[in-house]
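Student: So here's upload-v8.txt (compact mmCIF, C-alpha atoms).
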```
# COMPACT_ATOMS: atom_id res chain seq x y z
CA MET A 1 7.84 -154.85 -31.94
CA VAL A 2 7.83 -156.25 -28.41
CA ILE A 3 6.44 -159.58 -29.59
CA LEU A 4 8.99 -159.83 -32.41
CA GLY A 5 11.80 -158.97 -29.98
CA ASN A 6 10.70 -161.65 -27.55
CA ILE A 7 10.42 -164.23 -30.32
CA LEU A 8 13.97 -163.45 -31.46
CA ILE A 9 15.30 -163.73 -27.90
CA PHE A 10 13.48 -167.05 -27.48
CA ILE A 11 14.90 -168.46 -30.73
CA GLY A 12 18.36 -167.28 -29.73
CA SER A 13 18.17 -168.96 -26.33
CA LEU A 14 16.92 -172.14 -27.99
CA PHE A 15 19.98 -172.27 -30.27
CA LEU A 16 22.29 -171.51 -27.34
CA ALA A 17 20.73 -174.37 -25.37
CA LEU A 18 21.16 -176.74 -28.34
CA GLY A 19 24.79 -175.62 -28.57
CA GLY A 20 25.26 -176.53 -24.92
CA LEU A 21 23.73 -179.93 -25.55
CA GLY A 22 26.10 -180.31 -28.49
CA LEU A 23 29.08 -179.63 -26.24
CA ILE A 24 28.04 -182.55 -24.04
CA ARG A 25 27.11 -185.01 -26.79
CA MET A 26 29.94 -184.55 -29.32
CA PRO A 27 32.85 -187.01 -29.04
CA ASP A 28 35.95 -184.81 -29.41
CA VAL A 29 37.20 -181.24 -29.15
CA TYR A 30 36.80 -180.51 -32.88
CA ASN A 31 33.19 -181.60 -33.08
CA ARG A 32 32.46 -179.74 -29.86
CA LEU A 33 33.93 -176.59 -31.38
CA GLN A 34 31.64 -177.05 -34.38
CA ALA A 35 28.55 -177.21 -32.22
CA GLY A 36 29.73 -174.44 -29.91
CA THR A 37 30.77 -171.91 -32.55
CA LYS A 38 27.70 -172.02 -34.75
CA ALA A 39 25.20 -172.07 -31.92
CA THR A 40 26.80 -169.21 -29.98
CA THR A 41 27.16 -167.07 -33.09
CA LEU A 42 23.56 -167.28 -34.27
CA GLY A 43 22.19 -167.52 -30.72
CA ALA A 44 23.98 -164.40 -29.53
CA MET A 45 23.09 -162.53 -32.73
CA SER A 46 19.43 -163.38 -32.32
CA VAL A 47 19.35 -162.43 -28.63
CA ILE A 48 21.11 -159.11 -29.33
CA LEU A 49 18.79 -158.27 -32.22
CA GLY A 50 15.79 -159.19 -30.08
CA SER A 51 16.99 -156.88 -27.31
CA ALA A 52 17.36 -154.11 -29.86
CA PHE A 53 13.70 -154.53 -30.81
CA LEU A 54 12.76 -154.14 -27.16
CA ALA A 55 15.01 -151.06 -26.75
CA PRO A 56 15.12 -149.32 -30.17
CA GLU A 57 17.62 -146.66 -29.04
CA MET A 58 20.23 -149.44 -28.82
CA LEU A 59 19.76 -150.60 -32.43
CA THR A 60 22.98 -149.12 -33.84
CA LYS A 61 25.07 -150.55 -31.01
CA ALA A 62 23.36 -153.90 -31.47
CA VAL A 63 24.23 -153.95 -35.16
CA LEU A 64 27.85 -153.22 -34.31
CA LEU A 65 27.90 -155.98 -31.68
CA ILE A 66 26.54 -158.46 -34.22
CA VAL A 67 29.25 -157.52 -36.73
CA PHE A 68 31.99 -157.95 -34.12
CA ILE A 69 30.62 -161.31 -32.97
CA ALA A 70 30.44 -162.52 -36.58
CA MET A 71 34.11 -161.58 -37.05
CA ALA A 72 35.56 -162.70 -33.70
CA ASN A 73 33.74 -165.97 -33.01
CA PRO A 74 34.99 -168.02 -35.97
CA VAL A 75 38.54 -166.71 -35.56
CA SER A 76 38.69 -167.78 -31.93
CA SER A 77 37.32 -171.28 -32.53
CA SER A 78 39.61 -171.73 -35.50
CA THR A 79 42.55 -170.79 -33.27
CA ILE A 80 41.43 -173.17 -30.51
CA GLY A 81 41.06 -175.96 -33.09
CA ARG A 82 44.50 -175.34 -34.55
CA SER A 83 46.26 -175.24 -31.18
CA ALA A 84 44.42 -178.38 -30.09
CA TYR A 85 45.60 -180.19 -33.23
CA LYS A 86 49.18 -178.96 -32.97
CA GLY A 87 49.15 -179.79 -29.26
CA GLY A 88 48.38 -183.39 -30.15
CA VAL A 89 44.72 -183.71 -29.17
CA PRO A 90 43.54 -186.80 -31.10
CA LEU A 91 40.47 -186.95 -33.32
CA ALA A 92 37.55 -189.06 -32.14
CA SER A 93 37.97 -192.74 -32.94
CA ARG A 94 35.02 -192.67 -35.36
CA SER A 95 36.75 -190.07 -37.56
CA VAL A 96 37.14 -191.28 -41.12
CA ARG A 97 39.84 -189.11 -42.59
CA ASP A 98 42.79 -186.84 -41.69
CA ASP A 99 44.50 -185.06 -44.57
CA TRP A 100 46.57 -182.94 -42.25
CA ALA A 101 48.29 -185.91 -40.56
CA LYS A 102 49.03 -187.41 -44.00
CA GLU A 103 50.62 -184.13 -45.03
CA GLU A 104 52.89 -183.97 -41.99
CA ALA A 105 53.88 -187.62 -42.37
CA THR A 106 55.15 -187.08 -45.94
CA GLU A 107 57.14 -183.96 -45.07
CA MET B 1 51.32 -143.58 -48.97
CA ARG B 2 52.18 -147.02 -50.22
CA ASN B 3 48.76 -148.51 -49.67
CA TRP B 4 46.10 -145.84 -49.99
CA LYS B 5 43.35 -148.43 -50.47
CA GLY B 6 44.05 -150.04 -47.11
CA THR B 7 44.17 -146.67 -45.39
CA PHE B 8 40.90 -145.63 -46.98
CA ALA B 9 39.16 -148.86 -45.98
CA LEU B 10 40.43 -148.63 -42.40
CA LEU B 11 39.39 -144.98 -42.10
CA PHE B 12 35.95 -145.76 -43.42
CA LEU B 13 35.44 -148.76 -41.13
CA LEU B 14 36.62 -146.88 -38.05
CA ALA B 15 34.49 -143.83 -38.81
CA ALA B 16 31.40 -145.98 -39.43
CA SER B 17 31.95 -147.95 -36.20
CA TRP B 18 32.44 -144.78 -34.19
CA LEU B 19 29.29 -143.16 -35.56
CA LEU B 20 27.33 -146.33 -34.76
CA ILE B 21 28.69 -146.46 -31.21
CA VAL B 22 27.98 -142.85 -30.25
CA SER B 23 24.92 -142.56 -32.54
CA SER B 24 25.11 -138.77 -32.54
CA VAL B 25 26.79 -136.10 -34.64
CA ALA B 26 27.59 -133.67 -31.80
CA LEU B 27 30.83 -131.77 -32.42
CA VAL B 28 32.48 -133.11 -29.24
CA GLU B 29 31.88 -136.71 -30.28
CA LEU B 30 33.15 -136.10 -33.80
CA ILE B 31 36.39 -134.51 -32.54
CA ALA B 32 36.99 -137.33 -30.03
CA GLY B 33 36.35 -139.88 -32.78
CA ALA B 34 38.65 -138.13 -35.25
CA VAL B 35 41.49 -138.06 -32.71
CA ALA B 36 41.06 -141.75 -31.91
CA ILE B 37 40.93 -142.68 -35.60
CA VAL B 38 44.10 -140.76 -36.43
CA VAL B 39 45.93 -142.46 -33.54
CA ILE B 40 44.76 -145.93 -34.64
CA VAL B 41 45.69 -145.33 -38.28
CA LEU B 42 49.19 -144.19 -37.27
CA LEU B 43 49.69 -147.08 -34.83
CA THR B 44 48.60 -149.77 -37.29
CA HIS B 45 50.74 -148.44 -40.10
CA ARG B 46 52.57 -151.71 -40.68
CA SER B 47 49.67 -154.17 -40.58
CA ARG B 48 47.39 -152.19 -42.86
CA ASP B 49 48.18 -154.33 -45.89
CA LEU B 50 45.36 -156.57 -44.71
CA PHE B 51 42.76 -154.32 -46.30
CA GLY B 52 44.70 -154.03 -49.55
CA GLY B 53 42.78 -156.99 -50.98
CA LEU B 54 39.50 -155.10 -51.09
CA ARG B 55 38.17 -154.31 -54.52
CA LEU B 56 36.83 -150.79 -54.79
CA SER B 57 34.33 -150.89 -57.61
CA LEU B 58 30.60 -150.63 -58.14
CA LYS B 59 30.40 -154.38 -58.68
CA ALA B 60 32.15 -155.07 -55.39
CA LEU B 61 29.74 -152.75 -53.63
CA LEU B 62 26.85 -154.59 -55.22
CA PHE B 63 28.14 -158.01 -54.24
CA THR B 64 28.80 -157.18 -50.58
CA PRO B 65 25.12 -157.36 -49.53
CA ILE B 66 24.68 -160.49 -51.69
CA TYR B 67 27.59 -162.07 -49.87
CA LEU B 68 26.15 -161.11 -46.48
CA MET B 69 22.81 -162.67 -47.46
CA VAL B 70 24.48 -165.90 -48.58
CA PHE B 71 26.45 -165.89 -45.34
CA LEU B 72 23.41 -165.37 -43.11
CA TRP B 73 21.46 -168.08 -44.90
CA GLN B 74 24.35 -170.52 -44.49
CA LEU B 75 24.64 -169.63 -40.80
CA ILE B 76 20.97 -170.43 -40.19
CA ARG B 77 21.25 -173.65 -42.19
CA SER B 78 24.32 -174.68 -40.24
CA ASN B 79 22.55 -174.15 -36.92
CA LEU B 80 19.60 -176.27 -38.02
CA ASP B 81 22.05 -178.91 -39.25
CA ILE B 82 23.91 -179.06 -35.92
CA ALA B 83 20.63 -179.03 -34.00
CA ARG B 84 19.40 -182.01 -36.04
CA ARG B 85 22.61 -183.97 -35.43
CA VAL B 86 22.68 -183.19 -31.71
CA LEU B 87 19.03 -184.11 -31.19
CA THR B 88 19.23 -187.41 -33.10
CA PRO B 89 19.87 -190.18 -30.53
CA SER B 90 22.42 -192.02 -32.71
CA LEU B 91 24.53 -188.83 -33.20
CA PRO B 92 24.92 -189.10 -37.00
CA ILE B 93 28.43 -187.74 -37.54
CA ASN B 94 31.21 -188.92 -39.81
CA PRO B 95 34.04 -186.54 -38.93
CA GLY B 96 37.44 -185.98 -40.48
CA ILE B 97 39.94 -183.35 -41.62
CA VAL B 98 40.06 -182.53 -45.33
CA LYS B 99 42.38 -180.30 -47.32
CA VAL B 100 40.73 -177.89 -49.74
CA GLN B 101 42.10 -175.36 -52.22
CA THR B 102 41.18 -171.71 -52.66
CA GLN B 103 41.80 -169.35 -55.55
CA LEU B 104 41.68 -166.22 -53.43
CA GLN B 105 45.03 -164.45 -53.29
CA SER B 106 44.85 -161.75 -50.63
CA PRO B 107 45.18 -162.38 -46.88
CA LEU B 108 41.87 -160.57 -46.31
CA GLY B 109 40.08 -162.82 -48.79
CA LYS B 110 41.43 -165.96 -47.13
CA LEU B 111 40.47 -164.63 -43.71
CA ILE B 112 36.89 -163.96 -44.75
CA LEU B 113 36.69 -167.31 -46.52
CA ALA B 114 38.04 -169.15 -43.45
CA ASN B 115 35.52 -167.39 -41.22
CA SER B 116 32.69 -168.18 -43.60
CA ILE B 117 33.66 -171.84 -43.78
CA THR B 118 33.72 -172.02 -39.99
CA LEU B 119 30.15 -170.74 -39.83
CA THR B 120 28.71 -172.93 -42.58
CA PRO B 121 27.11 -176.34 -42.09
CA GLY B 122 29.45 -178.89 -40.53
CA THR B 123 32.78 -177.29 -41.33
CA LEU B 124 35.49 -175.65 -39.19
CA THR B 125 38.68 -174.14 -40.60
CA LEU B 126 41.71 -175.30 -38.63
CA ASP B 127 44.62 -173.81 -40.55
CA ILE B 128 45.59 -171.95 -43.73
CA GLU B 129 48.82 -172.76 -45.53
CA GLY B 130 49.41 -170.90 -48.77
CA SER B 131 46.39 -171.61 -50.93
CA SER B 132 45.17 -174.68 -49.04
CA LEU B 133 42.89 -174.79 -46.04
CA TYR B 134 42.61 -177.61 -43.53
CA VAL B 135 38.96 -178.02 -42.67
CA HIS B 136 37.37 -180.21 -40.02
CA TRP B 137 34.21 -181.66 -41.48
CA VAL B 138 31.49 -183.25 -39.37
CA ASP B 139 30.11 -185.31 -42.21
CA VAL B 140 32.86 -186.29 -44.67
CA LYS B 141 31.48 -187.34 -48.03
CA GLY B 142 33.67 -189.32 -50.41
CA THR B 143 37.45 -189.47 -50.48
CA ASP B 144 38.15 -187.07 -53.35
CA ALA B 145 39.90 -183.77 -52.54
CA ASP B 146 38.37 -181.94 -55.52
CA ALA B 147 34.86 -182.92 -54.52
CA ALA B 148 35.51 -181.61 -51.00
CA THR B 149 36.79 -178.33 -52.45
CA GLN B 150 33.67 -178.07 -54.58
CA SER B 151 31.18 -178.60 -51.80
CA ILE B 152 32.94 -176.57 -49.08
CA VAL B 153 34.69 -173.68 -50.81
CA ALA B 154 33.14 -173.05 -54.22
CA GLY B 155 29.80 -171.64 -53.09
CA PHE B 156 31.33 -168.78 -51.13
CA GLU B 157 34.32 -168.23 -53.31
CA ARG B 158 32.36 -167.19 -56.37
CA THR B 159 30.59 -164.35 -54.55
CA LEU B 160 33.62 -163.44 -52.46
CA MET B 161 35.84 -163.14 -55.53
CA GLU B 162 33.83 -160.12 -56.64
CA VAL B 163 34.52 -158.31 -53.35
CA VAL B 164 38.15 -159.17 -52.56
CA GLU B 165 41.15 -160.30 -54.57
```
Before we go any further, please render this structure as structure tokens.

Tutor:
Amino acid sequence: MVILGNILIFIGSLFLALGGLGLIRMPDVYNRLQAGTKATTLGAMSVILGSAFLAPEMLTKAVLLIVFIAMANPVSSSTIGRSAYKGGVPLASRSVRDDWAKEEATE
Amino acid sequence: MRNWKGTFALLFLLAASWLLIVSSVALVELIAGAVAIVVIVLLTHRSRDLFGGLRLSLKALLFTPIYLMVFLWQLIRSNLDIARRVLTPSLPINPGIVKVQTQLQSPLGKLILANSITLTPGTLTLDIEGSSLYVHWVDVKGTDADAATQSIVAGFERTLMEVVE
């Protein structure tokens, strides 16, 4: 149990670190959100589950935390992305397509 | 009671969350939980339509764990995908915003779909307008809107359709 818990915490930290690297390397706010959201969601889930293996009496609370993170994380990044776009933050210059801009231009 | 389904779903979710938080069935805890739940249900009277999209059938119950499995698998895949892109020196991305269509009708269905898309490989939902979603895609393939809909939405939608309207 202890070994499995530690492995899960290690994997989680690894994904969180990769997410941080993604924040630095990606060219614009939208791509950064992509890297940030996915890494923090799985990373945090894995760390929480790992902690629950180390402290079994916290398992039910850990499950609940995981559910709330899975619901709240994507909503918040979606909201940040939308407000960035509506606030006029441009896409990276290497972007190939923007259906949303086309839509607003024809309206 | 205009929307008994929504009320039932909310009651069930709140009760389950409370029992998980306190992880005991002592009378004191149950009474405190019941009071809190009643207050929440009364306060959220107007926004409870959100849960109205849930299907309450044996099939829906069966498909919920399947959906969660699909979701978890996609989440792991998406992390490996991002990790690969971030670690490759040339940063292989081809980003853009695409418009995709969904057949889901209820607000709850669209919410879950949008969340799922955000957590799947290379896609991030930016906005929902009616039945179309604007999705930021790290690796845009092709220029066809239908093809984008197929590869982003269809996989989830089929399973999700069995659970919500």

Student: Could you work out which residues of chain A fall inside 6 Å of chain B? Count all atoms listed in the file, and format the result as a VMD selection string.

Tutor: chain A and resid 22 38 60 to 61 74 78 81 to 82 95 to 99

Student: Would you list the residues near (30.8, -163.2, -50.6), meaning any protein, DNA or RNA residue with an atom at most 8 Å from that point in file coordinates, counting all atoms listed in the file, as a PyMOL selection string?

Tutor: chain B and resi 63-64+66-68+70-71+156-163

Student: Ranking B:Gly109, B:Ser90, B:Thr7, B:Ser131 by minimum distance to Ile40 in chain B and counting all atoms listed in the file, which one comes first?

Tutor: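 Closest candidate: B:Thr7.
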
Student: For Pro56 in chain A, list every protein, DNA or RNA residue within 12 Å, evaluated using only C-alpha atoms, and leave out those in the same chain fewer than 6 positions away; present the list as a list in words.

Tutor: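 Final neighbour list, sorted by chain and number: Met1, Val2, Gly5, Ile48, Leu49, Gly50, Ala62 and Val63 of chain A.
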
Student: Nearest to Leu13 in chain B: which of B:Ala60, B:Gln105, B:Ile37, B:Met69 is it, counting only C-alpha atoms?

Tutor: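 Selected residue with least distance to Leu13 in chain B: B:Ile37.
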
Student: To one decimal place in Å, what is the distance between CA of Ala52 in chain A and CA of Gly12 in chain A?

Tutor: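 It comes out at 13.2 Å.
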
Student: Return as AutoDock Vina command-line options the centre and edge lengths, in Å with one decimal, of the box along x, y and z that encloses every atom of range 52-70 of chain A in the file, padded by 8 Å per side.

Tutor:
```
--center_x 22.4 --center_y -154.6 --center_z -31.7 --size_x 35.2 --size_y 31.9 --size_z 26.0
```

Student: Rank B:Ser24, B:Ser132, B:Gln101, B:Thr44 by their smallest atom-to-atom distance to Gly6 in chain B, using all atoms listed in the file, and report the top residue only.

Tutor: B:Thr44

Student: Please rebuild range 8-19 of chain B with all heavy atoms and return the result as a JSON list (two decimals), in the frame of the given file.

Tutor:
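Below is the file that was written, result-v1.json:
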```
[["chain", "number", "residue", "atom", "x", "y", "z"],
["B", 8, "PHE", "N", 42.27, -146.09, -46.74],
["B", 8, "PHE", "CA", 40.90, -145.63, -46.98],
["B", 8, "PHE", "C", 39.89, -146.56, -46.33],
["B", 8, "PHE", "O", 38.98, -146.12, -45.63],
["B", 8, "PHE", "CB", 40.66, -145.54, -48.50],
["B", 8, "PHE", "CG", 39.28, -145.13, -48.87],
["B", 8, "PHE", "CD1", 38.90, -143.80, -48.82],
["B", 8, "PHE", "CD2", 38.34, -146.09, -49.25],
["B", 8, "PHE", "CE1", 37.61, -143.43, -49.15],
["B", 8, "PHE", "CE2", 37.06, -145.72, -49.58],
["B", 8, "PHE", "CZ", 36.69, -144.39, -49.53],
["B", 9, "ALA", "N", 40.10, -147.88, -46.54],
["B", 9, "ALA", "CA", 39.16, -148.86, -45.98],
["B", 9, "ALA", "C", 39.14, -148.78, -44.46],
["B", 9, "ALA", "O", 38.09, -148.80, -43.83],
["B", 9, "ALA", "CB", 39.53, -150.26, -46.44],
["B", 10, "LEU", "N", 40.34, -148.68, -43.87],
["B", 10, "LEU", "CA", 40.43, -148.63, -42.40],
["B", 10, "LEU", "C", 39.74, -147.37, -41.87],
["B", 10, "LEU", "O", 38.96, -147.43, -40.92],
["B", 10, "LEU", "CB", 41.90, -148.66, -41.97],
["B", 10, "LEU", "CG", 42.13, -148.73, -40.46],
["B", 10, "LEU", "CD1", 41.58, -150.03, -39.91],
["B", 10, "LEU", "CD2", 43.60, -148.61, -40.14],
["B", 11, "LEU", "N", 40.03, -146.23, -42.51],
["B", 11, "LEU", "CA", 39.39, -144.98, -42.10],
["B", 11, "LEU", "C", 37.88, -145.09, -42.13],
["B", 11, "LEU", "O", 37.18, -144.73, -41.19],
["B", 11, "LEU", "CB", 39.84, -143.84, -43.02],
["B", 11, "LEU", "CG", 41.14, -143.13, -42.70],
["B", 11, "LEU", "CD1", 41.47, -142.12, -43.78],
["B", 11, "LEU", "CD2", 41.03, -142.43, -41.35],
["B", 12, "PHE", "N", 37.39, -145.64, -43.24],
["B", 12, "PHE", "CA", 35.95, -145.76, -43.42],
["B", 12, "PHE", "C", 35.33, -146.65, -42.35],
["B", 12, "PHE", "O", 34.33, -146.30, -41.72],
["B", 12, "PHE", "CB", 35.64, -146.30, -44.82],
["B", 12, "PHE", "CG", 34.18, -146.48, -45.07],
["B", 12, "PHE", "CD1", 33.38, -145.40, -45.40],
["B", 12, "PHE", "CD2", 33.60, -147.74, -44.98],
["B", 12, "PHE", "CE1", 32.03, -145.56, -45.61],
["B", 12, "PHE", "CE2", 32.24, -147.91, -45.19],
["B", 12, "PHE", "CZ", 31.47, -146.82, -45.51],
["B", 13, "LEU", "N", 35.97, -147.83, -42.12],
["B", 13, "LEU", "CA", 35.44, -148.76, -41.13],
["B", 13, "LEU", "C", 35.43, -148.16, -39.73],
["B", 13, "LEU", "O", 34.46, -148.27, -38.98],
["B", 13, "LEU", "CB", 36.26, -150.05, -41.13],
["B", 13, "LEU", "CG", 36.07, -150.94, -42.35],
["B", 13, "LEU", "CD1", 37.04, -152.12, -42.31],
["B", 13, "LEU", "CD2", 34.63, -151.45, -42.41],
["B", 14, "LEU", "N", 36.53, -147.48, -39.38],
["B", 14, "LEU", "CA", 36.62, -146.88, -38.05],
["B", 14, "LEU", "C", 35.57, -145.79, -37.88],
["B", 14, "LEU", "O", 34.89, -145.72, -36.85],
["B", 14, "LEU", "CB", 38.02, -146.33, -37.82],
["B", 14, "LEU", "CG", 39.12, -147.37, -37.58],
["B", 14, "LEU", "CD1", 40.47, -146.71, -37.56],
["B", 14, "LEU", "CD2", 38.87, -148.12, -36.29],
["B", 15, "ALA", "N", 35.45, -144.93, -38.90],
["B", 15, "ALA", "CA", 34.49, -143.83, -38.81],
["B", 15, "ALA", "C", 33.07, -144.38, -38.67],
["B", 15, "ALA", "O", 32.28, -143.93, -37.84],
["B", 15, "ALA", "CB", 34.61, -142.94, -40.03],
["B", 16, "ALA", "N", 32.75, -145.40, -39.49],
["B", 16, "ALA", "CA", 31.40, -145.98, -39.43],
["B", 16, "ALA", "C", 31.14, -146.59, -38.06],
["B", 16, "ALA", "O", 30.07, -146.38, -37.46],
["B", 16, "ALA", "CB", 31.24, -147.04, -40.52],
["B", 17, "SER", "N", 32.14, -147.33, -37.52],
["B", 17, "SER", "CA", 31.95, -147.95, -36.20],
["B", 17, "SER", "C", 31.73, -146.89, -35.14],
["B", 17, "SER", "O", 30.86, -147.02, -34.29],
["B", 17, "SER", "CB", 33.18, -148.79, -35.81],
["B", 17, "SER", "OG", 33.59, -149.58, -36.87],
["B", 18, "TRP", "N", 32.55, -145.83, -35.21],
["B", 18, "TRP", "CA", 32.44, -144.78, -34.19],
["B", 18, "TRP", "C", 31.07, -144.12, -34.24],
["B", 18, "TRP", "O", 30.41, -143.93, -33.21],
["B", 18, "TRP", "CB", 33.55, -143.74, -34.38],
["B", 18, "TRP", "CG", 33.46, -142.62, -33.40],
["B", 18, "TRP", "CD1", 33.05, -141.36, -33.65],
["B", 18, "TRP", "CD2", 33.75, -142.68, -32.00],
["B", 18, "TRP", "NE1", 33.07, -140.61, -32.50],
["B", 18, "TRP", "CE2", 33.50, -141.41, -31.46],
["B", 18, "TRP", "CE3", 34.22, -143.69, -31.16],
["B", 18, "TRP", "CZ2", 33.69, -141.11, -30.13],
["B", 18, "TRP", "CZ3", 34.40, -143.39, -29.82],
["B", 18, "TRP", "CH2", 34.14, -142.12, -29.32],
["B", 19, "LEU", "N", 30.60, -143.81, -35.43],
["B", 19, "LEU", "CA", 29.29, -143.16, -35.56],
["B", 19, "LEU", "C", 28.19, -144.08, -35.04],
["B", 19, "LEU", "O", 27.23, -143.62, -34.41],
["B", 19, "LEU", "CB", 29.02, -142.77, -37.01],
["B", 19, "LEU", "CG", 29.83, -141.56, -37.49],
["B", 19, "LEU", "CD1", 29.58, -141.30, -38.95],
["B", 19, "LEU", "CD2", 29.49, -140.33, -36.65]]
```
